[in-house]
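See below for the structure under consideration.
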Amino acid sequence: MTYVPIPLPNRVNIQKNEAIKVVSDYYIHMCKRHSVRDFSKEPVSNAIIEKIIETAGRAPSGANQQPWHFVAIKDPEKKAKIRAAAEHEEQAFYSGRGHDEWIAALEPIGTNASKPHLTDAPWLIVIFAERYGFNKDGSRRKNYYVNESVGIATGFLISALHNAGLVCLTHTPNPMKFLNSMCKRPANEKPIMILPVGYASEAATIPEASTNKKSLRDIMSIF
């Protein structure tokens, strides 16, 4: 494919004296984002979920290969099957497969093998990473920076969910191979994460430990 440069099609013009207010307002907005396990039964429309996933698809990726696929599930029966399979893996983890240090690190978060949020949330979004692709002739095509690209797209997705007033939870049962068959995804895709998605319930809580964030001094260096 030949390189064809085109003029930058879109520019976001913010006055320099307004920029600090814009970034500060966005910081305050993102400080209100929390991982939530308690979901309302209020439905979320297909249109909202579709637009949020479309937003995630605007993320940058290695060689613009866009090595991701998002499976959105609201069917109660399929959610129940995913929950059963996930809880099976989680039970093995908490019963000995997970080492003591890992389990101890999770204690302040309050997690255990029970995952009711997988059926309580109106939607599950399962994120797949395309490990390799295929050319038009059927030959295998290498994808580049897959984990980095899918991670960026997932960040776009979570930010878009928060911007819509929705909450989610990053859930990663291990292993997750059962998701390929349940979501009818091919072997060249690897399940990365399940995001239960919906509105927070009126009685929603979060772990106090989750509010402890590193300071700017801890996460930034300037030279």
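Every chain in the structure tokens takes a letter, A first, then B, and so on in the order presented; its residues are numbered from 1, and the ligands are numbered from 1 following the presented order.
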
(message) Can you pull out every residue from stretch 34-184 of chain A that DSSP, working from the backbone, puts in helix (DSSP H, G or I), and format the result as an MDAnalysis selection string?
(response) chainID A and resid 46:56 62:64 76:97 100:109 117:120 146:163 178:182

(message) Run DSSP on the backbone and tell me which residues of stretch 26-219 of chain A come out as strand (DSSP E); list them as a VMD selection string.
(response) chain A and resid 68 to 73 123 to 130 132 to 134 140 to 142 167 to 168 189 to 198

Contacts between stretch 59-67 of chain A and stretch 141-201 of chain A, please, where a residue of stretch 141-201 of chain A counts if it comes within 10 Å (with only C-alpha atoms); show its shortest atom pair and distance in Å to one decimal, rows by chain and ascending number, as JSON lines.
```
{"residue": "A:Lys142", "atom": "CA", "partner": "A:Gln65", "partner_atom": "CA", "distance": 9.6}
{"residue": "A:Asn143", "atom": "CA", "partner": "A:Gln65", "partner_atom": "CA", "distance": 6.7}
{"residue": "A:Tyr144", "atom": "CA", "partner": "A:Gly62", "partner_atom": "CA", "distance": 5.3}
{"residue": "A:Tyr145", "atom": "CA", "partner": "A:Gly62", "partner_atom": "CA", "distance": 5.4}
{"residue": "A:Val146", "atom": "CA", "partner": "A:Pro67", "partner_atom": "CA", "distance": 6.2}
{"residue": "A:Asn147", "atom": "CA", "partner": "A:Pro67", "partner_atom": "CA", "distance": 8.9}
{"residue": "A:Glu148", "atom": "CA", "partner": "A:Ser61", "partner_atom": "CA", "distance": 7.7}
{"residue": "A:Ser149", "atom": "CA", "partner": "A:Ser61", "partner_atom": "CA", "distance": 4.6}
{"residue": "A:Val150", "atom": "CA", "partner": "A:Pro67", "partner_atom": "CA", "distance": 6.8}
{"residue": "A:Gly151", "atom": "CA", "partner": "A:Ala59", "partner_atom": "CA", "distance": 9.5}
{"residue": "A:Ile152", "atom": "CA", "partner": "A:Ala59", "partner_atom": "CA", "distance": 6.4}
{"residue": "A:Ala153", "atom": "CA", "partner": "A:Ala59", "partner_atom": "CA", "distance": 5.1}
{"residue": "A:Thr154", "atom": "CA", "partner": "A:Ala59", "partner_atom": "CA", "distance": 8.7}
{"residue": "A:Gly155", "atom": "CA", "partner": "A:Ala59", "partner_atom": "CA", "distance": 8.8}
{"residue": "A:Phe156", "atom": "CA", "partner": "A:Ala59", "partner_atom": "CA", "distance": 6.7}
{"residue": "A:Leu157", "atom": "CA", "partner": "A:Ala59", "partner_atom": "CA", "distance": 9.1}
{"residue": "A:Glu189", "atom": "CA", "partner": "A:Pro67", "partner_atom": "CA", "distance": 8.8}
```

Set the distance at 12 Å and use only C-alpha atoms: which residues neighbour A:Lys79 once local chain neighbours fewer than 5 positions away are removed? I'd like the list as a compact mmCIF listing (two decimals) with C-alpha atoms, in the first residue's frame.
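What follows is the written file out.txt:
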```txt
# COMPACT_ATOMS: atom_id res chain seq x y z
CA VAL A 71 -18.27 -8.35 21.86
CA ALA A 72 -21.26 -6.64 23.52
CA ILE A 73 -23.58 -9.02 25.35
CA LYS A 74 -26.96 -8.26 26.90
CA ALA A 84 -20.62 -19.70 35.55
CA ALA A 85 -17.42 -20.25 33.58
CA ALA A 86 -15.69 -17.25 35.13
CA LYS A 115 -19.07 -12.56 40.49
CA PRO A 116 -22.74 -11.48 40.53
CA HIS A 117 -21.89 -8.33 38.56
CA LEU A 118 -21.50 -10.53 35.47
CA THR A 119 -25.25 -11.13 35.45
CA ASP A 120 -26.42 -7.99 37.27
CA ALA A 121 -24.91 -5.57 34.75
CA PRO A 122 -27.15 -4.96 31.71
CA TRP A 123 -24.17 -5.39 29.38
CA LEU A 124 -20.90 -7.29 29.24
CA ILE A 125 -18.26 -6.04 26.83
CA VAL A 126 -15.65 -8.70 26.13
CA LEU A 179 -14.70 -16.78 25.99
CA MET A 182 -18.92 -18.49 24.00
CA CYS A 183 -18.41 -15.31 21.95
CA ILE A 194 -14.61 -8.61 30.51
CA LEU A 195 -16.21 -5.26 31.31
CA PRO A 196 -19.59 -5.42 33.08
CA VAL A 197 -21.28 -2.15 32.06
```

(message) At a cut-off of 8 Å, using only C-alpha atoms, what residues contact A:Ala203? Leave out same-chain residues fewer than 2 positions from it and give the result as a ChimeraX atom specification.
(response) /A:38,201,205

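Counting from atom CA of A:Arg217, the distance to atom CA of A:Thr170 is 26.0 Å.
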
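Remark: for A:Val167, the closest of the candidate residues A:Pro5, A:Arg97, A:Gly198, A:Lys214 is A:Gly198 (distances computed over only C-alpha atoms).
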
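Among A:Gln91, A:Ser215, A:Ser159, A:Thr111, the residue with the shortest atom-to-atom distance to A:Pro175, counting only C-alpha atoms, is A:Gln91.
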
(message) as a ChimeraX atom specification, please: the residues near A:Phe178 (cut-off 12 Å, only C-alpha atoms, same-chain neighbours under 6 positions excluded).
(response) /A:81-89,126,184-187,190-192

(message) I'd like the neighbourhood of A:His162 as a PyMOL selection string, where a residue qualifies if any of its atoms comes within 9 Å (using only C-alpha atoms), though same-chain residues fewer than 5 positions away should be ignored.
(response) chain A and resi 29-30+32-34+157+167-168

Could you please take those selected residues and save C-alpha atoms as a compact mmCIF listing (two decimals), in the first residue's frame?
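What landed in out31.txt:
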```
# COMPACT_ATOMS: atom_id res chain seq x y z
CA HIS A 29 -14.33 14.58 35.64
CA MET A 30 -12.02 11.55 35.55
CA LYS A 32 -15.27 10.75 39.49
CA ARG A 33 -14.63 7.50 37.63
CA HIS A 34 -14.70 4.40 39.84
CA LEU A 157 -13.58 2.62 25.91
CA VAL A 167 -19.78 2.52 35.28
CA CYS A 168 -17.77 -0.59 34.59
```

Do a neighbour search on A:Glu202 at 12 Å with only C-alpha atoms, toss out local chain neighbours closer than 5 positions, and write the hits as a PDB file with N, CA and C atoms, in the first residue's frame.
```
ATOM      1  N   VAL A  36     -16.902  -0.237  39.660  1.00  0.00           N
ATOM      2  CA  VAL A  36     -18.111  -0.507  40.446  1.00  0.00           C
ATOM      3  C   VAL A  36     -18.574  -1.940  40.221  1.00  0.00           C
ATOM      4  N   ARG A  37     -19.006  -2.577  41.288  1.00  0.00           N
ATOM      5  CA  ARG A  37     -19.532  -3.943  41.213  1.00  0.00           C
ATOM      6  C   ARG A  37     -21.045  -4.011  41.430  1.00  0.00           C
ATOM      7  N   ASP A  38     -21.643  -2.901  41.807  1.00  0.00           N
ATOM      8  CA  ASP A  38     -23.072  -2.883  42.133  1.00  0.00           C
ATOM      9  C   ASP A  38     -23.823  -2.136  41.035  1.00  0.00           C
ATOM     10  N   PHE A  39     -24.589  -2.878  40.242  1.00  0.00           N
ATOM     11  CA  PHE A  39     -25.231  -2.300  39.065  1.00  0.00           C
ATOM     12  C   PHE A  39     -26.737  -2.175  39.234  1.00  0.00           C
ATOM     13  N   SER A  40     -27.267  -1.088  38.680  1.00  0.00           N
ATOM     14  CA  SER A  40     -28.706  -0.885  38.607  1.00  0.00           C
ATOM     15  C   SER A  40     -29.297  -1.790  37.530  1.00  0.00           C
ATOM     16  N   LYS A  41     -30.581  -2.075  37.646  1.00  0.00           N
ATOM     17  CA  LYS A  41     -31.262  -2.849  36.609  1.00  0.00           C
ATOM     18  C   LYS A  41     -31.712  -1.976  35.449  1.00  0.00           C
ATOM     19  N   GLU A  42     -31.446  -0.675  35.533  1.00  0.00           N
ATOM     20  CA  GLU A  42     -31.838   0.236  34.458  1.00  0.00           C
ATOM     21  C   GLU A  42     -31.158  -0.158  33.160  1.00  0.00           C
TER      22      GLU A  42
END
```
